[in-house]
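What follows is a short report on a single structure.
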Amino acid sequence: MLVAEKANPPVAKLIDFGKYKYKLEKLNKSQKIKDHSNEIKEIQLRMKINDHDLKIKLEKTRQFLQKRYKVKITLKMMGREMQFMNLAFEKMQKILADMDNIGKIETHPKKEGNRISALIAPK
């Protein structure tokens with residue numbers, strides 16, 4: 001390992017390579033623990049959700065975004081609700097508009113079977 005590269009002659013230090021790799025591995029592991037950006041939290045909603053319940057879910061979403069988590073919002077539909085896909089997309093757009101001031105949309109709403117999901121990342 002070079003200590004003083006610009007010296008004449010360059011100064012080097014002999015080190016135990018296994019110990020050096022171990023320290024690097026420990027450093028990388030501690031940095032991963034502090035990093036929340038790769039973790040995804042999920043909020044699941046239904047089409048017939050009450051306004052108060054929706055406000056509570058959105059507040060929880062805001063808390064996750066403030067803690068630097070990504071949040072996946074999933075809107076589940078059952079049975080006859082599947083016929084009103086356009087209403088579900090409108091509801092999802094309304095939810096994303098509410099979250100616009102604190103997060104940015106990473107994945108726009110898309111249909112996955114009987115669900116519509118979108119991913120929001122913190123700003």
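Residues are referred to by chain and number: the chain letter is A, B, ... according to the order shown in the structure tokens, the number counts from 1 in that chain, and ligands are numbered separately from 1 in the order shown.
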Shell of 8 Å around Ala88 (chain A), only C-alpha atoms, local chain residues under 2 positions omitted, as a VMD selection string: chain A and resid 47 75 84 to 86 90 to 92 116
Would you please give, as a ChimeraX atom specification, all residues of chain A that DSSP assigns to strand (DSSP E or B) based on the backbone? /A:2-4,11-12,40-46,70-76,103-112,115-122
Sort by chain and increasing residue number a table of all residues of region 95-119 of chain A within 10 Å of region 22-43 of chain A, each with its closest pair of atoms and their distance in Å to one decimal, counting only C-alpha atoms, and write it as CSV.
residue,atom,partner,partner_atom,distance
A:Ser117,CA,A:Ile43,CA,9.7
A:Ala118,CA,A:Glu42,CA,9.9
A:Leu119,CA,A:Ile40,CA,8.8
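A straight line drawn from CA of Lys76 (chain A) to CA of Asn114 (chain A) is 6.2 Å long.
Separating CA of Gln66 (chain A) from CA of Ala121 (chain A) is a distance of 10.0 Å.
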